[in-house]
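Source file: query05.txt (compact mmCIF, C-alpha atoms)
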# COMPACT_ATOMS: atom_id res chain seq x y z
CA MET C 1 0.00 0.00 0.00
CA TYR C 2 1.23 3.47 -0.82
CA THR C 3 1.06 5.74 2.21
CA PHE C 4 -0.74 9.10 2.01
CA ASP C 5 -2.35 11.85 4.05
CA TYR C 6 -6.13 12.09 4.18
CA HIS C 7 -8.20 15.25 3.78
CA ARG C 8 -11.91 15.63 4.38
CA PRO C 9 -13.25 18.85 2.81
CA LYS C 10 -16.70 20.01 3.88
CA ASN C 11 -17.77 21.67 0.64
CA LYS C 12 -16.93 21.91 -3.05
CA ARG C 13 -14.88 25.10 -2.66
CA GLU C 14 -12.60 23.39 -0.14
CA VAL C 15 -12.05 20.54 -2.59
CA CYS C 16 -10.71 23.01 -5.19
CA GLU C 17 -8.52 24.70 -2.58
CA LEU C 18 -7.01 21.39 -1.46
CA LEU C 19 -6.45 20.36 -5.09
CA ALA C 20 -4.71 23.69 -5.76
CA GLU C 21 -2.56 23.28 -2.66
CA TYR C 22 -1.42 19.70 -3.24
CA LYS C 23 -1.34 19.81 -7.05
CA ASP C 24 -0.08 16.63 -8.69
CA THR C 25 0.42 14.88 -5.34
CA ALA C 26 -3.35 14.92 -4.79
CA LYS C 27 -6.02 12.46 -5.84
CA LEU C 28 -9.73 12.51 -5.10
CA ILE C 29 -11.43 9.52 -3.55
CA ALA C 30 -15.12 8.79 -4.12
CA GLY C 31 -16.10 5.13 -3.64
CA GLY C 32 -12.48 4.02 -3.66
CA THR C 33 -13.17 0.89 -5.72
CA ASP C 34 -10.54 1.84 -8.32
CA LEU C 35 -8.23 4.11 -6.34
CA LEU C 36 -7.63 1.93 -3.29
CA VAL C 37 -6.97 -1.15 -5.39
CA GLN C 38 -4.42 0.81 -7.44
CA MET C 39 -2.84 2.30 -4.30
CA PHE C 40 -2.72 -1.14 -2.71
CA GLU C 41 -1.09 -2.65 -5.76
CA GLN C 42 1.29 0.35 -5.89
CA SER C 43 0.42 1.25 -9.45
CA ASP C 44 3.09 3.25 -11.29
CA ARG C 45 0.46 5.79 -12.29
CA LEU C 46 -0.05 6.81 -8.66
CA ILE C 47 3.54 6.82 -7.48
CA ASN C 48 3.47 10.57 -6.72
CA ILE C 49 0.20 10.61 -4.81
CA LYS C 50 0.71 11.74 -1.22
CA ASN C 51 -2.68 13.32 -0.49
CA VAL C 52 -6.09 11.75 -0.83
CA ILE C 53 -9.08 14.10 -0.74
CA ASP C 54 -12.36 12.50 0.31
CA LEU C 55 -15.55 13.57 -1.45
CA THR C 56 -17.94 11.36 0.52
CA HIS C 57 -18.86 13.99 3.10
CA ILE C 58 -19.96 16.63 0.60
CA LYS C 59 -23.72 16.55 0.47
CA ASP C 60 -24.60 18.33 -2.78
CA LEU C 61 -22.80 15.97 -5.14
CA ASN C 62 -25.26 13.10 -4.92
CA TYR C 63 -28.56 13.48 -6.82
CA ILE C 64 -30.58 12.45 -9.85
CA VAL C 65 -32.85 15.26 -10.99
CA GLU C 66 -35.37 15.32 -13.83
CA GLY C 67 -35.67 18.83 -15.24
CA LYS C 68 -38.00 19.99 -17.98
CA ASN C 69 -35.55 19.22 -20.78
CA ILE C 70 -32.52 17.67 -19.11
CA ILE C 71 -31.62 15.01 -16.59
CA ARG C 72 -28.81 15.80 -14.17
CA ILE C 73 -26.74 13.29 -12.19
CA GLY C 74 -24.40 14.34 -9.37
CA ALA C 75 -20.86 12.97 -9.70
CA MET C 76 -21.05 11.15 -6.35
CA THR C 77 -24.18 9.19 -7.28
CA THR C 78 -23.43 5.48 -6.82
CA HIS C 79 -24.06 2.82 -9.45
CA THR C 80 -26.67 1.28 -7.15
CA GLU C 81 -28.51 4.61 -6.98
CA ILE C 82 -28.41 4.82 -10.78
CA VAL C 83 -29.72 1.26 -11.12
CA GLU C 84 -32.57 1.92 -8.67
CA SER C 85 -33.58 5.36 -9.98
CA ASP C 86 -37.11 5.41 -11.42
CA ILE C 87 -36.28 8.52 -13.44
CA LEU C 88 -33.38 6.79 -15.18
CA LYS C 89 -35.32 3.55 -15.66
CA LYS C 90 -38.06 5.50 -17.38
CA PHE C 91 -35.97 7.65 -19.71
CA VAL C 92 -32.58 5.95 -20.14
CA SER C 93 -33.02 2.32 -19.18
CA PHE C 94 -29.79 1.45 -21.03
CA LEU C 95 -27.85 3.49 -18.46
CA SER C 96 -29.59 1.63 -15.62
CA GLU C 97 -28.74 -1.64 -17.33
CA SER C 98 -25.10 -0.82 -18.01
CA SER C 99 -24.65 0.31 -14.40
CA PHE C 100 -26.25 -2.91 -13.20
CA LEU C 101 -23.58 -4.85 -15.10
CA ILE C 102 -20.72 -3.14 -13.25
CA GLY C 103 -18.86 -5.46 -10.84
CA SER C 104 -20.93 -6.84 -7.98
CA PRO C 105 -23.53 -5.30 -5.64
CA LYS C 106 -20.67 -4.25 -3.36
CA ILE C 107 -18.82 -2.43 -6.12
CA ARG C 108 -22.07 -0.75 -7.19
CA ASN C 109 -22.89 0.27 -3.62
CA THR C 110 -19.70 2.32 -3.32
CA GLY C 111 -18.50 3.03 -6.86
CA THR C 112 -19.75 6.31 -8.32
CA VAL C 113 -20.52 7.50 -11.83
CA GLY C 114 -18.14 10.45 -11.39
CA GLY C 115 -15.40 8.10 -10.30
CA ASN C 116 -16.05 5.75 -13.20
CA ILE C 117 -15.76 8.67 -15.63
CA SER C 118 -12.76 10.34 -13.99
CA ASN C 119 -10.82 7.10 -13.73
CA ALA C 120 -11.33 6.88 -17.51
CA SER C 121 -10.77 3.17 -17.94
CA PRO C 122 -11.38 2.11 -21.57
CA ALA C 123 -13.74 -0.54 -20.12
CA ALA C 124 -15.86 1.82 -17.97
CA ASP C 125 -19.41 0.57 -18.44
CA SER C 126 -21.33 3.69 -17.40
CA VAL C 127 -19.40 5.91 -19.81
CA VAL C 128 -20.54 4.20 -23.01
CA PRO C 129 -24.29 5.02 -22.76
CA LEU C 130 -23.49 8.51 -21.46
CA ILE C 131 -21.42 9.21 -24.58
CA ALA C 132 -24.27 7.83 -26.68
CA LEU C 133 -26.53 10.40 -24.96
CA ASN C 134 -24.12 13.21 -25.89
CA ALA C 135 -23.80 13.87 -22.15
CA LYS C 136 -21.99 16.93 -20.90
CA VAL C 137 -19.98 17.27 -17.70
CA LYS C 138 -19.78 20.16 -15.27
CA ILE C 139 -16.35 20.92 -13.92
CA LEU C 140 -15.66 23.14 -10.92
CA GLY C 141 -12.41 25.01 -10.29
CA LEU C 142 -11.27 27.97 -8.21
CA SER C 143 -12.12 30.35 -11.06
CA GLY C 144 -15.65 28.96 -11.46
CA GLU C 145 -17.60 26.36 -13.34
CA ARG C 146 -17.24 25.18 -16.93
CA GLU C 147 -18.86 22.52 -19.10
CA GLU C 148 -17.78 20.27 -21.91
CA LEU C 149 -18.88 17.20 -23.80
CA LEU C 150 -18.09 14.00 -21.93
CA SER C 151 -16.46 12.69 -25.10
CA ASP C 152 -14.01 15.63 -25.01
CA PHE C 153 -13.50 15.38 -21.25
CA ILE C 154 -12.04 11.87 -21.53
CA LYS C 155 -8.84 12.56 -23.46
CA ASN C 156 -6.96 9.28 -23.19
CA PRO C 157 -7.17 6.12 -21.11
CA TYR C 158 -6.87 7.19 -17.47
CA ASP C 159 -6.51 10.83 -18.51
CA VAL C 160 -9.26 13.45 -18.29
CA ASP C 161 -9.36 17.16 -19.08
CA LEU C 162 -8.93 18.68 -15.62
CA LYS C 163 -6.68 21.49 -14.46
CA GLU C 164 -4.94 21.09 -11.11
CA ASP C 165 -7.71 22.76 -9.09
CA GLU C 166 -10.66 21.27 -10.96
CA PHE C 167 -12.94 18.30 -10.44
CA LEU C 168 -16.05 16.75 -12.00
CA THR C 169 -19.31 17.67 -10.22
CA GLU C 170 -22.15 16.69 -12.56
CA ILE C 171 -23.16 14.81 -15.69
CA TYR C 172 -26.23 15.91 -17.61
CA PHE C 173 -27.96 15.09 -20.88
CA ASP C 174 -31.11 15.89 -22.87
CA LYS C 175 -34.20 14.11 -21.65
CA PRO C 176 -35.24 11.54 -24.28
CA LYS C 177 -38.57 12.11 -26.04
CA LYS C 178 -41.44 9.83 -26.99
CA ASN C 179 -39.94 8.37 -30.17
CA ASP C 180 -36.51 7.86 -28.63
CA TYR C 181 -35.13 4.39 -28.03
CA ASN C 182 -31.93 3.14 -26.44
CA ALA C 183 -30.14 -0.10 -25.67
CA PHE C 184 -26.90 -1.45 -24.20
CA VAL C 185 -25.36 -4.86 -24.84
CA LYS C 186 -22.29 -6.31 -23.17
CA LEU C 187 -20.03 -9.24 -23.78
CA GLY C 188 -18.13 -10.32 -20.66
CA ARG C 189 -16.22 -13.51 -19.92
CA ARG C 190 -18.66 -14.51 -17.21
CA LYS C 191 -21.90 -13.20 -15.78
CA ALA C 192 -20.92 -11.50 -12.53
CA MET C 193 -17.92 -9.29 -11.87
CA ALA C 194 -16.89 -9.36 -15.51
CA ILE C 195 -14.76 -6.58 -16.90
CA SER C 196 -16.36 -5.91 -20.27
CA ARG C 197 -14.67 -7.43 -23.30
CA MET C 198 -16.87 -5.37 -25.57
CA THR C 199 -20.05 -3.33 -25.25
CA VAL C 200 -22.29 -1.32 -27.55
CA ALA C 201 -24.71 1.47 -26.61
CA VAL C 202 -27.16 2.96 -29.10
CA THR C 203 -29.74 5.72 -29.05
CA ILE C 204 -32.30 6.05 -31.82
CA ARG C 205 -34.90 8.68 -32.65
CA LEU C 206 -37.52 7.69 -35.21
CA SER C 207 -39.57 10.18 -37.18
CA GLU C 208 -43.39 10.08 -37.16
CA SER C 209 -43.21 7.96 -40.33
CA GLY C 210 -40.78 5.52 -38.70
CA LEU C 211 -37.56 6.62 -40.42
CA PHE C 212 -34.27 6.99 -38.54
CA GLU C 213 -34.10 10.66 -37.57
CA SER C 214 -31.03 10.53 -35.37
CA VAL C 215 -28.79 7.69 -34.26
CA THR C 216 -25.80 7.34 -31.97
CA ILE C 217 -23.70 4.18 -31.81
CA VAL C 218 -20.93 3.87 -29.24
CA PRO C 219 -18.82 0.74 -28.81
CA GLY C 220 -16.94 0.31 -25.53
CA CYS C 221 -13.52 -1.36 -25.04
CA ILE C 222 -12.72 -1.03 -28.75
CA PHE C 223 -10.95 2.31 -28.85
CA PRO C 224 -8.67 3.78 -26.17
CA VAL C 225 -11.56 6.12 -25.35
CA PRO C 226 -15.20 5.29 -26.16
CA LYS C 227 -16.46 7.36 -29.08
CA ARG C 228 -19.40 7.64 -31.44
CA LEU C 229 -19.27 6.01 -34.86
CA PHE C 230 -20.37 9.15 -36.72
CA SER C 231 -19.71 7.82 -40.22
CA VAL C 232 -21.72 4.68 -39.51
CA GLU C 233 -24.58 6.54 -37.82
CA LYS C 234 -24.92 8.73 -40.92
CA LEU C 235 -25.77 5.72 -43.10
CA MET C 236 -29.01 5.25 -41.18
CA ILE C 237 -30.43 8.78 -41.25
CA GLY C 238 -33.63 9.03 -43.33
CA GLU C 239 -33.68 5.27 -43.92
CA LYS C 240 -36.40 2.79 -43.07
CA VAL C 241 -35.78 0.09 -40.45
CA SER C 242 -34.91 -3.16 -42.23
CA ASP C 243 -32.83 -6.29 -41.64
CA LYS C 244 -30.76 -5.42 -44.69
CA LEU C 245 -29.92 -1.95 -43.43
CA LEU C 246 -28.97 -3.22 -39.97
CA GLU C 247 -26.74 -5.85 -41.51
CA ARG C 248 -25.00 -3.23 -43.62
CA VAL C 249 -24.60 -0.82 -40.73
CA SER C 250 -23.19 -3.52 -38.44
CA LYS C 251 -20.65 -4.53 -41.08
CA GLU C 252 -19.65 -0.88 -41.49
CA ALA C 253 -19.19 -0.57 -37.72
CA ALA C 254 -16.72 -3.47 -37.75
CA LYS C 255 -15.02 -2.04 -40.83
CA PHE C 256 -14.64 1.34 -39.16
CA MET C 257 -13.05 -0.33 -36.13
CA ILE C 258 -10.44 -2.06 -38.28
CA GLU C 259 -9.73 1.15 -40.21
CA THR C 260 -9.19 3.01 -36.94
CA THR C 261 -7.26 0.49 -34.87
CA GLY C 262 -5.58 -1.44 -37.68
CA ARG C 263 -5.61 -5.21 -38.00
CA ARG C 264 -4.42 -6.79 -34.79
CA TRP C 265 -4.07 -10.30 -33.43
CA SER C 266 -7.52 -9.87 -31.89
CA THR C 267 -9.26 -8.67 -35.06
CA PRO C 268 -10.58 -12.07 -36.23
CA TYR C 269 -12.40 -12.23 -32.88
CA LYS C 270 -13.47 -8.63 -32.54
CA GLU C 271 -14.73 -8.07 -36.07
CA PRO C 272 -17.68 -10.51 -35.97
CA VAL C 273 -18.36 -9.69 -32.32
CA LEU C 274 -18.69 -5.96 -32.87
CA GLN C 275 -20.79 -6.63 -35.96
CA SER C 276 -23.11 -8.85 -33.99
CA LEU C 277 -23.30 -6.59 -30.93
CA THR C 278 -24.12 -3.54 -33.06
CA ASN C 279 -26.90 -5.42 -34.79
CA ARG C 280 -28.22 -6.72 -31.47
CA ALA C 281 -28.08 -3.32 -29.79
CA ILE C 282 -30.14 -1.66 -32.54
CA ARG C 283 -32.65 -4.52 -32.56
CA LYS C 284 -32.91 -4.48 -28.79
CA ALA C 285 -33.52 -0.72 -28.80
CA LEU C 286 -36.34 -1.07 -31.32
CA HIS C 287 -37.78 -4.14 -29.57
CA MET C 288 -37.11 -6.28 -32.65
CA GLU C 289 -36.37 -9.98 -32.51
CA VAL C 290 -32.70 -10.62 -31.71
CA HIS C 291 -31.08 -13.46 -33.67
CA ASP C 292 -28.38 -15.18 -31.67
CA GLU C 293 -25.47 -16.17 -33.83
CA MET D 1 1.79 11.12 8.45
CA ASN D 2 -0.50 12.00 11.30
CA LYS D 3 -3.09 9.54 12.43
CA ILE D 4 -6.66 10.73 12.25
CA GLN D 5 -9.47 10.48 14.72
CA LEU D 6 -12.29 8.23 13.49
CA LYS D 7 -15.72 7.99 15.11
CA PHE D 8 -18.26 5.53 13.83
CA THR D 9 -20.78 2.96 14.99
CA LEU D 10 -19.38 -0.56 14.95
CA ASN D 11 -21.70 -3.48 15.64
CA GLY D 12 -24.09 -1.13 17.40
CA LYS D 13 -21.48 0.53 19.62
CA LEU D 14 -20.09 4.00 19.17
CA THR D 15 -16.39 3.51 18.49
CA SER D 16 -13.63 6.10 18.46
CA LEU D 17 -10.00 5.47 17.62
CA LEU D 18 -6.94 6.86 15.88
CA VAL D 19 -6.29 5.32 12.47
CA LYS D 20 -3.58 5.65 9.85
CA PRO D 21 -4.78 7.94 7.04
CA TYR D 22 -4.12 5.24 4.46
CA ALA D 23 -5.55 2.31 6.45
CA ARG D 24 -8.28 0.33 4.74
CA LEU D 25 -11.37 -0.57 6.69
CA ILE D 26 -10.24 -4.22 6.81
CA ASP D 27 -6.89 -3.19 8.34
CA VAL D 28 -8.60 -1.26 11.12
CA LEU D 29 -11.11 -4.04 11.81
CA ARG D 30 -8.55 -6.83 11.94
CA ASP D 31 -5.35 -5.16 13.14
CA ASP D 32 -6.52 -2.26 15.32
CA LEU D 33 -9.74 -3.71 16.69
CA GLY D 34 -8.94 -7.43 16.64
CA LEU D 35 -12.10 -8.34 14.74
CA THR D 36 -10.58 -11.10 12.64
CA GLY D 37 -13.88 -12.61 11.50
CA THR D 38 -13.68 -10.45 8.40
CA LYS D 39 -11.23 -12.14 6.01
CA GLU D 40 -8.90 -10.76 3.39
CA GLY D 41 -8.81 -12.85 0.23
CA CYS D 42 -7.87 -11.11 -2.98
CA ALA D 43 -7.51 -7.50 -1.73
CA ILE D 44 -8.86 -6.15 -5.04
CA GLY D 45 -12.62 -6.43 -4.58
CA GLU D 46 -13.11 -9.66 -6.50
CA CYS D 47 -13.63 -12.37 -3.88
CA GLY D 48 -15.92 -10.80 -1.26
CA ALA D 49 -14.32 -12.50 1.76
CA CYS D 50 -13.96 -9.05 3.34
CA THR D 51 -17.65 -8.10 2.99
CA VAL D 52 -19.10 -5.91 5.75
CA ILE D 53 -22.31 -3.87 5.91
CA VAL D 54 -22.06 -0.07 5.90
CA ASN D 55 -25.30 1.91 6.34
CA ASN D 56 -27.29 -1.21 5.39
CA LEU D 57 -25.34 -1.81 2.18
CA THR D 58 -22.65 -4.41 1.57
CA VAL D 59 -19.16 -3.16 0.77
CA ASN D 60 -15.76 -4.74 0.30
CA SER D 61 -13.70 -3.58 3.28
CA CYS D 62 -10.50 -4.14 1.26
CA HIS D 63 -11.17 -1.17 -0.99
CA THR D 64 -12.89 1.07 1.54
CA LEU D 65 -10.78 3.68 3.27
CA ALA D 66 -11.22 3.52 7.05
CA ALA D 67 -11.21 7.31 7.32
CA GLN D 68 -14.28 7.43 5.08
CA MET D 69 -16.29 5.60 7.75
CA GLU D 70 -16.66 8.74 9.87
CA GLY D 71 -20.26 8.84 11.14
CA LYS D 72 -21.19 5.60 9.38
CA ASP D 73 -22.86 2.49 10.77
CA VAL D 74 -20.65 -0.57 10.23
CA VAL D 75 -21.68 -4.17 10.93
CA THR D 76 -19.23 -7.09 10.75
CA ILE D 77 -19.71 -10.83 11.19
CA GLU D 78 -19.02 -10.35 14.92
CA GLY D 79 -22.04 -8.07 15.16
CA ILE D 80 -24.81 -10.37 13.99
CA ALA D 81 -24.97 -12.97 16.77
CA THR D 82 -28.02 -12.82 19.06
CA ALA D 83 -27.92 -10.85 22.32
CA LYS D 84 -27.23 -14.13 24.15
CA GLY D 85 -24.30 -14.85 21.87
CA ASP D 86 -26.00 -17.62 19.90
CA PRO D 87 -25.46 -17.84 16.14
CA HIS D 88 -27.78 -15.83 13.92
CA ILE D 89 -30.53 -17.72 12.07
CA ILE D 90 -28.56 -17.20 8.84
CA GLN D 91 -25.46 -18.78 10.39
CA GLU D 92 -27.46 -21.78 11.59
CA ALA D 93 -28.96 -22.22 8.11
CA TYR D 94 -25.47 -22.26 6.54
CA VAL D 95 -24.40 -24.98 8.98
CA GLU D 96 -27.51 -27.07 8.40
CA LYS D 97 -27.37 -26.89 4.62
CA ASN D 98 -23.59 -27.49 4.46
CA GLY D 99 -23.05 -24.04 3.03
CA ILE D 100 -19.69 -24.09 4.80
CA GLN D 101 -16.69 -26.19 3.97
CA CYS D 102 -13.30 -24.55 4.53
CA GLY D 103 -15.11 -21.52 5.95
CA PHE D 104 -12.85 -18.76 4.67
CA CYS D 105 -15.48 -17.17 2.44
CA THR D 106 -18.30 -17.74 4.91
CA PRO D 107 -18.28 -14.45 6.88
CA GLY D 108 -18.48 -12.57 3.58
CA PHE D 109 -21.35 -14.72 2.32
CA ILE D 110 -23.20 -14.33 5.63
CA MET D 111 -22.92 -10.54 5.44
CA SER D 112 -24.17 -10.49 1.83
CA THR D 113 -27.05 -12.74 2.93
CA LYS D 114 -27.87 -10.50 5.90
CA ALA D 115 -27.99 -7.34 3.78
CA LEU D 116 -30.17 -9.11 1.20
CA LEU D 117 -32.70 -10.49 3.69
CA ASP D 118 -32.90 -7.23 5.67
CA LYS D 119 -33.98 -5.46 2.50
CA ASN D 120 -35.84 -8.25 0.75
CA PRO D 121 -37.20 -10.99 3.07
CA THR D 122 -38.57 -13.09 0.20
CA PRO D 123 -35.88 -13.12 -2.51
CA THR D 124 -36.18 -15.15 -5.69
CA ARG D 125 -33.35 -17.43 -6.79
CA LYS D 126 -32.26 -14.79 -9.25
CA GLU D 127 -32.18 -12.13 -6.55
CA ILE D 128 -30.12 -14.45 -4.35
CA ASP D 129 -27.70 -15.06 -7.23
CA ILE D 130 -27.29 -11.34 -7.73
CA ALA D 131 -26.82 -10.66 -4.01
CA ILE D 132 -23.95 -13.16 -3.73
CA SER D 133 -22.48 -12.44 -7.16
CA GLY D 134 -19.54 -10.62 -5.55
CA ASN D 135 -18.67 -13.51 -3.23
CA ILE D 136 -16.53 -16.41 -4.38
CA CYS D 137 -16.59 -19.87 -2.80
CA ARG D 138 -14.19 -22.51 -4.12
CA CYS D 139 -15.54 -25.41 -2.02
CA THR D 140 -19.29 -25.72 -2.11
CA GLY D 141 -20.25 -25.03 -5.69
CA TYR D 142 -22.81 -22.50 -4.39
CA GLU D 143 -25.87 -24.75 -4.44
CA GLN D 144 -25.72 -25.38 -0.68
CA ILE D 145 -25.21 -21.68 -0.05
CA VAL D 146 -28.29 -20.76 -2.08
CA GLU D 147 -30.27 -23.40 -0.19
CA ALA D 148 -29.01 -22.00 3.11
CA ILE D 149 -30.18 -18.52 2.11
CA GLU D 150 -33.60 -19.87 1.15
CA LEU D 151 -33.86 -21.70 4.48
CA ALA D 152 -32.79 -18.60 6.41
CA ALA D 153 -35.34 -16.48 4.55
CA GLU D 154 -38.08 -18.97 5.42
CA ARG D 155 -37.17 -19.04 9.12
CA LEU D 156 -36.74 -15.27 9.41
CA LYS D 157 -40.27 -14.77 8.11
CA LYS D 158 -41.66 -16.58 11.15
Let me see the structure of the file written as structure tokens.
Amino acid sequence: MYTFDYHRPKNKREVCELLAEYKDTAKLIAGGTDLLVQMFEQSDRLINIKNVIDLTHIKDLNYIVEGKNIIRIGAMTTHTEIVESDILKKFVSFLSESSFLIGSPKIRNTGTVGGNISNASPAADSVVPLIALNAKVKILGLSGEREELLSDFIKNPYDVDLKEDEFLTEIYFDKPKKNDYNAFVKLGRRKAMAISRMTVAVTIRLSESGLFESVTIVPGCIFPVPKRLFSVEKLMIGEKVSDKLLERVSKEAAKFMIETTGRRWSTPYKEPVLQSLTNRAIRKALHMEVHDE
Amino acid sequence: MNKIQLKFTLNGKLTSLLVKPYARLIDVLRDDLGLTGTKEGCAIGECGACTVIVNNLTVNSCHTLAAQMEGKDVVTIEGIATAKGDPHIIQEAYVEKNGIQCGFCTPGFIMSTKALLDKNPTPTRKEIDIAISGNICRCTGYEQIVEAIELAAERLKK
């Protein structure tokens, strides 16, 4: 175990002040499910950390609020709270589902959505649907608050866009409408506790006449940082739902992956899997029959 | 590194002690307080041998910082026996159904069972599977454990 000093700020302002004081020797702790394991295993990434700042005693970082047009989630909201939230079940059930697939009940009881995002693991399950929702994050620093797209916030694996005195306080996204659909599918090595091998999140908006009006497709664990497949999404806009289209789109998703990451030793495995998961995710979102291959 | 003062409720008693700032909850329970019923298996949150209940929810005490327990209500395996010191109904059910073999994982399983049945007295098989999905047992093959949980649920209803 690395040794460190412990700080317990009482409010958000104090968090920024402590971060500014201890600079790159400081790390925030939320649930601790990632940080303490890494500190215990003496991860190279944390070799300089001498100060751990605890966020668990700050009250106004834990909430799920349904506004008129947006849904806001406090950074300290646990995965269990996300899974059990009626608001999220109603509007973004794929986020509830992806959070339910994180670790075990014990990991979900302590792990937080803000921690999952800020740790920026390429396999973070809650991040994939949030990117599919075009979620934005609120960031607080000594000079005030700023916002950015979650997909810009996560720069690289284990690297997020924060200045020394800043931290993530909230995630928010547009509230889905009546003709909006979403789904999340995950392939793990076993049922419980599985780190995702590959996931796909999709959101779909259909027009009154049933054509694809807007689509987002986000695979997880494929790229260093989860991102939308813009060029693939585009193929669906204005089109009618059909098996043929979904087949084409799924193939294009796999093709895009290979173009981006290059052919690797794992490609013969990942190519059909991504193709199949993309197809399944879209079908699941639209409540169509899913063919198991 | 200065030790910090920690006050929390442990097995129903208000407890106050000085802890190392980097001590995990399991370190404080076992090393500072001598409560060795909670076991350390993998130390990375995979095996669940270190399960305790914090504010009615199960957590892995191996990746919980002790200092974060300020003001919290913590229950360990030592805290669930009856007032007379007899085993809890859940513990008896594990014994009866052979849900225990080597016993190392048992305290963790019992705590996951306790948190489940406190919240949901009539769990389905699926709900039981989910509740113990973060606990690993290499001896029993789980069937006896699930049966023990079902038996405990039945008896606790009465």
Subject >> At most 7 Å to chain C: residues in chain D, only C-alpha atoms, as a ChimeraX atom specification >> reply: /D:1,21-22,44,57-60,63-64,131,133-134
At a cut-off of 8 Å, using all atoms listed in the file, what residues contact Ile26 of chain D? Leave out same-chain residues fewer than 6 positions from it and give the result as a tab-separated table (two decimals) with C-alpha atoms, in the coordinates of the input.
chain	number	residue	atom	x	y	z
D	38	THR	CA	-13.68	-10.45	8.40
D	40	GLU	CA	-8.90	-10.76	3.39
D	50	CYS	CA	-13.96	-9.05	3.34
D	61	SER	CA	-13.70	-3.58	3.28
D	62	CYS	CA	-10.50	-4.14	1.26
D	64	THR	CA	-12.89	1.07	1.54
D	66	ALA	CA	-11.22	3.52	7.05
**OP:** Counting all atoms listed in the file, figure out which residue out of D:Thr9, D:Thr76, D:Gln68, D:Thr124 gets nearest to Lys39 of chain D.
**Re:**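 Closest to Lys39 of chain D of all the choices is D:Thr76.
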**OP:** Enter the distance from atom CA of Gly188 of chain C to atom CA of Leu101 of chain C, in Å, rounded to one decimal.
**Re:**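 Between atom CA of Gly188 of chain C and atom CA of Leu101 of chain C the gap works out to 9.5 Å.
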**OP:** Can you work out which one of C:Phe212, C:Tyr172, C:Phe94, C:Tyr22 has the shortest atom-to-atom distance to Glu239 of chain C, counting all atoms listed in the file?
**Re:**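 Under the stated criterion, the closest residue is C:Phe212.
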